[in-house]
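Scroll down for the structure; my scribbles are underneath it.
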Amino acid sequence: MDWGTELWDQYDIIEKHTQSGLELVEKYVKFVKERTEIEQNYAKQLRNLSKKHNLKRSNKDEPECRLSSYQSFLDILNEMNDYAGQRELIAENMMMNICIDLTKYLQELKQERKTYLMEAKKAQQSLESTYKQLDNSKKRFEREWREAERAAQYAEKTDQDINATKADVEKAKQQAHMRAHVAEECKNDYAAQLQKYNKEQNQFYFNDMPLVFNKLQDLDERRIRKLAQGYILFSDTEKHVMPIIGKCLEGITKAGTNVNEKNDSMVVIEQNKSGFERPGDVEFEDFSQGINRTSSDSSLSTPKGPADLLGKNKGKNFWLFSKRSKRFTPERIVPTVTEDFAHLPPEQRRKRLQQKLEEISKELQKEVDQSEALGKMKDVYEKNPQMGDPASLASQMSQTSQNIERLRGELSKYETWLAEAGGRGDTVRHKVHTYNNNGAHDIHSPDGAHSDESTPDPSQAIYAEFDDDFEDEELTAPIGKCTAMYNFPGASEGTISMQEGEVLAVVEEDKGDGWTRVRRNNGDEGYVPTSYVTIALNK
């Protein structure tokens, strides 16, 4: 069944129905837009909430950062942030796949509907115009026929009039004949117009309008089908992100199961253990005999309070609780922060000193690597002047040497403090390779004095030495390949020769000194100028 057949006379109903359908699409688009705004606001609020409670994340020195309960809370905040991202994705996909798509399709439907209604209006106007012509021809025929009848009656009357002349009679007959001829022509014209109108009316009601109505029916059905797809997308858009949202929720559950109360208790102990012994009994001082008795031998080595622990204000007692009650708690001592961490309890002091030593050792190793690279570069420049001026490296080498000496001093200073604090001294001491002004290798111990590799310094026996010489390292896996663009002699120590077009394995990237470490298939390794090769790293 189609509209052209069943609703041939319901033009106004069809026009109203199609307009109502388009308005429904607009209403649905508006509904989805408001839903996306809700999702975006919800996601924004979730992100702000996560950010608000995640302020301490940047400060990793906070004691609670190592607690599993705190880390799990941070994991929950991260999962909520990811969850907010999925809500934003829902809003974005709804806007793109529903709102924008339906709005564009709606504009096309409106234009198409307007075209069909214009066709119907044009057909109706054509039919109305033909009807007007029919009506005019009908009225003209009616008017001319009456005139012809009157002319015929007048001619007959004149012919019977005995007083009328022959000329009057002849004239009246001619007038009647002329009127009859005009009336006959109007009759024929009316008949032709009637035939034309009936034909156009038949075309209008059986062809033109049914065709337009069927087109409007097809348009409306396509609109309904597209709207139904929009309804489905409203659900599928959220279903699409449900697996990821589920993972976020699983992550929150996992964060809860990762909380380990026993481990957190151990962390609190590790972070706050002072290393002090419990205070001994306070000895009775008998002032009645005028003698101030001192503490017994058993209490000489036992501190009596926080002031004794810090070596100051030994007259004060030891209190476990912070200053909350003015009645029972004496004034709390606030220690001064010192470079050697002497303000900390012994156990915490040893940990901080050990941590500081590791930081200095890493920084020292970086400076040593920089010194080695500059020395190799200077050696190459001296043997290949066309590559650069050795004197241009003097300031960098001098600054690096100063940094090494400064770090050695700090390392020695903190090692001494660690020994005083009773530390094990288990830091790794590096053998430092530097270069003298002539480009020759000098091997220094960390304290700046020359040392023989076979004769270790007894005072530093607690440190393990290792040789970081380039040739003695284990073979590392290549990180890429390079192709030589130019010949390179490799005459300097630490470098390797190469021929134009030769392919070598890249072992170590350029660290900013202009050299790349490579290896041949036979195992030979060395440095080549980075500018002499094209490098392709593994992905």
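How things are named: the first chain in the structure tokens is A, the next is B, and so on; residues count from 1 in each chain; ligands count from 1 in the order shown.
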Can you tell me, as JSON, numbers by chain, which residues in stretch 49-243 of chain A count as alpha helix (DSSP H) by DSSP?
{"A": [49, 50, 51, 52, 68, 69, 70, 71, 72, 73, 74, 75, 76, 77, 78, 79, 80, 81, 82, 83, 84, 85, 86, 87, 88, 89, 90, 91, 92, 93, 94, 101, 102, 103, 104, 105, 106, 107, 108, 109, 110, 111, 112, 113, 114, 115, 116, 117, 118, 119, 120, 121, 122, 123, 124, 125, 126, 127, 128, 129, 130, 131, 132, 133, 134, 135, 136, 137, 138, 139, 140, 141, 142, 143, 144, 145, 146, 147, 148, 149, 150, 151, 152, 153, 154, 155, 156, 157, 158, 159, 160, 166, 167, 168, 169, 170, 171, 172, 173, 174, 175, 176, 177, 178, 179, 180, 181, 182, 183, 184, 185, 186, 187, 188, 189, 190, 191, 192, 193, 194, 195, 196, 197, 198, 199, 200, 201, 202, 203, 209, 210, 211, 212, 213, 214, 215, 216, 217, 218, 219, 220, 221, 222, 223, 224, 225, 226, 227, 228, 229, 230, 231, 232, 233, 234, 235, 236, 237, 238, 239, 240, 241, 242, 243]}
Got a sec: who's within 7 Å of A:Ser371, counting only C-alpha atoms, leaving out chain neighbours fewer than 2 positions off, as a list in words?
Glu367, Val368, Asp369, Ala373, Leu374, Gly375, Met397, Thr400 and Thr434 of chain A
Between A:Arg47, A:Val507, A:Gln271, A:His17, which residue has the minimum interatomic distance to A:Glu64, considering only C-alpha atoms?
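Smallest distance to A:Glu64 is found for A:Gln271.
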A:Met387 proximity check over A:Gln45, A:Ser20, A:Ser68, A:Ser531, using only C-alpha atoms: winner is A:Ser531
If you measure from atom CA of A:Pro390 to atom CA of A:Lys511, what distance in Å do you get, rounded to one decimal?
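Interatomic distance here is 19.0 Å.
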Excluding A:His181 and any residue of its chain fewer than 5 positions from it, enumerate the residues within 9 Å of it, using only C-alpha atoms, and give them as a list in words.
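That gives Ala148, Ala176 and Cys186 of chain A.
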Excluding stretch 87-93 of chain A and any residue of its chain fewer than 4 positions from it, enumerate the residues within 6 Å of it, using only C-alpha atoms, and give them as a short mmCIF file (atom, residue, chain, number, x, y, z; two decimals) with all heavy atoms, in the first residue's frame.
```cif
data_model
loop_
_atom_site.label_atom_id
_atom_site.label_comp_id
_atom_site.auth_asym_id
_atom_site.auth_seq_id
_atom_site.Cartn_x
_atom_site.Cartn_y
_atom_site.Cartn_z
N THR A 36 25.14 14.49 25.80
CA THR A 36 26.60 14.64 25.68
C THR A 36 27.12 15.71 26.64
O THR A 36 28.22 15.56 27.20
CB THR A 36 27.00 15.00 24.25
OG1 THR A 36 26.36 16.23 23.85
CG2 THR A 36 26.58 13.91 23.27
N GLU A 39 27.39 14.10 29.96
CA GLU A 39 28.57 13.22 30.02
C GLU A 39 29.85 14.04 30.17
O GLU A 39 30.74 13.69 30.94
CB GLU A 39 28.64 12.36 28.76
CG GLU A 39 27.56 11.31 28.64
CD GLU A 39 27.74 10.16 29.62
OE1 GLU A 39 28.78 10.13 30.32
OE2 GLU A 39 26.85 9.32 29.72
N GLN A 40 29.95 15.13 29.42
CA GLN A 40 31.15 15.95 29.48
C GLN A 40 31.30 16.60 30.86
O GLN A 40 32.40 16.65 31.41
CB GLN A 40 31.11 17.01 28.38
CG GLN A 40 31.30 16.44 26.99
CD GLN A 40 31.03 17.46 25.90
OE1 GLN A 40 30.46 18.52 26.14
NE2 GLN A 40 31.44 17.15 24.68
N ALA A 43 32.33 13.88 33.27
CA ALA A 43 33.75 13.55 33.12
C ALA A 43 34.64 14.64 33.70
O ALA A 43 35.66 14.37 34.34
CB ALA A 43 34.08 13.33 31.63
N ASN A 97 28.60 10.66 15.74
CA ASN A 97 27.87 9.62 15.03
C ASN A 97 26.36 9.82 15.05
O ASN A 97 25.66 9.25 14.21
CB ASN A 97 28.19 8.25 15.63
CG ASN A 97 29.67 7.91 15.54
OD1 ASN A 97 30.35 8.39 14.64
ND2 ASN A 97 30.16 7.12 16.45
#
```
Can you list, as a ChimeraX atom specification, every protein, DNA or RNA residue that comes within 10 Å of A:Leu7 when you count only C-alpha atoms, leaving out same-chain residues fewer than 5 positions away?
/A:1-2,13-14,209-210,213-214
